[in-house]
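Peer 1: Starting off with a structure, shown below.
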Amino acid sequence: MRRTVVITGASSGIGAEAAVQLARRGDHVVLIGRSPRKLSAVVDRIRADSGSTPDSHVCDFAVLDDLRRTGATIAAAYEVIDVLANNAGIIAKQNTSTVDGHDLTIQVNHLAPFLLSSLLLERVTAAPAGRIITTSSAAHTRGWLDPDDLDFRRRRWSRWRAYADSKQANILFTTELTWRLRHTVVVATCFHPGLVRSDFGDSTGLFRLVKRLSPVGFVSPSQGASTLVQLATTDDGRSIPGAYLDSGRLSRPTSRAVDPDLAERLWKVSAELTAG
Ligand SMILES: NC(=O)c1ccc[n+]([C@@H]2O[C@H](COP(=O)([O-])OP(=O)(O)OC[C@H]3O[C@@H](n4cnc5c(N)ncnc54)[C@H](OP(=O)(O)O)[C@@H]3O)[C@@H](O)[C@H]2O)c1
């Protein structure tokens, strides 16, 4: 039976490469991206590469209503989703508030995947061995997320603080999801892909400069996608619910990123903030 794999951030970098690799292995991939032009280029690439035609959805995670529409469309189209890969992510250049009133980085990187996972959970639970994979980052170690101040109203904002908090949120989400899904066959995992030479961080001059000037330490998007593919296809993606992998290897996140009380508090706040 052909698996259905939904991938966000599939129009570029890690998500696009993971989509190509999974389609090559025979999965039906459902791509979500923001740029119609980039998304359509990935569709063409997969068609040429594997002969299969992926479905694609343009959606802006900075607009929760857009995500609600896309989630409903996908839930209506598939009875079963075998893998949901929450991979889209940014580091915002400026302290920007979305139309929903949230910090842009926190919304795109955490609240949006939280909402999409809620909208598609029933479909993933219907799969014989469902998987929910979230792309986090080693940057989570710098996070000091406060569920009562997710949007930096009381704390000083910096782009790296917001990013680190959002990546800590990805692991806390996986931790709480694992607890909530303990009586189901769905397994949630997350990972750091390594430092990847993708479009990521191009809005921040420093990261772009480091990426250009010091290619050592950076891997290609295709290599960056390998941990996502590993979690989507191998036993490593099912044997340890809640696992965090760093570049293909089981790793230990900071204790704060797996704190069960913090994870539960974040879940409750996220559910309130994304309620329609
Ligand atoms: N690159 C690294 O070194 C690195 C390291 C650790 C973790 N990560 C994580 O890896 C994930 C993928 O990043 P990448 O390296 O592949 O970067 P990328 O090439 O910049 O890809 C980011 C993806 O996220 C999508 N996206 C951005 N804003 C969006 C929005 N408002 N709504 C919907 N989709 C949006 C982009 O869509 P469009 O292109 O269509 O705008 C793109 O498909 C991110 O979660 C990032 O935090 C990356």
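Numbering starts fresh at 1 for the residues of each chain in the structure tokens, the chains themselves are lettered A, B, ... in the order given, and ligands are numbered from 1 as they appear.
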Hey, what's within 10 Å of Tyr78 in chain A if we count only C-alpha atoms and toss same-chain stuff fewer than 6 positions away? As a PyMOL selection string, please?
Peer 2: chain A and resi 4+120+123-124
Peer 1: Show me which residues line ligand 1, defined as having an atom within 6 Å of a ligand atom where only C-alpha atoms and all ligand atoms count, and present them as a PyMOL selection string.
Peer 2: chain A and resi 9-15+33-35+38+59-62+87-90+108+135-137+192-200
Peer 1: For Arg256 in chain A, list every protein, DNA or RNA residue within 10 Å, evaluated using only C-alpha atoms, and leave out those in the same chain fewer than 2 positions away; present the list as an NGL selection string.
Peer 2: :A and (140-141 or 143-145 or 168 or 171-172 or 253-254 or 258-263)
Peer 1: Would you give me, as a VMD selection string, the residues in range 163-265 of chain A that DSSP reads as alpha helix (DSSP H)?
Peer 2: chain A and resid 163 to 180 205 to 213 221 to 224 226 to 233 260 to 265
Peer 1: If you count only C-alpha atoms, which residues fall within 12 Å of Asp100 in chain A, apart from same-chain ones fewer than 6 positions away, as an MDAnalysis selection string?
Peer 2: chainID A and resid 61:67 106:108 111:112 151 273:276
Peer 1: Point out the residue among A:Ser40, A:Thr178, A:Asn109, A:Thr96 with the least atom-to-atom distance to Tyr244 in chain A, counting only C-alpha atoms.
Peer 2: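 Counting only C-alpha atoms, the residue closest to Tyr244 in chain A is A:Thr178.
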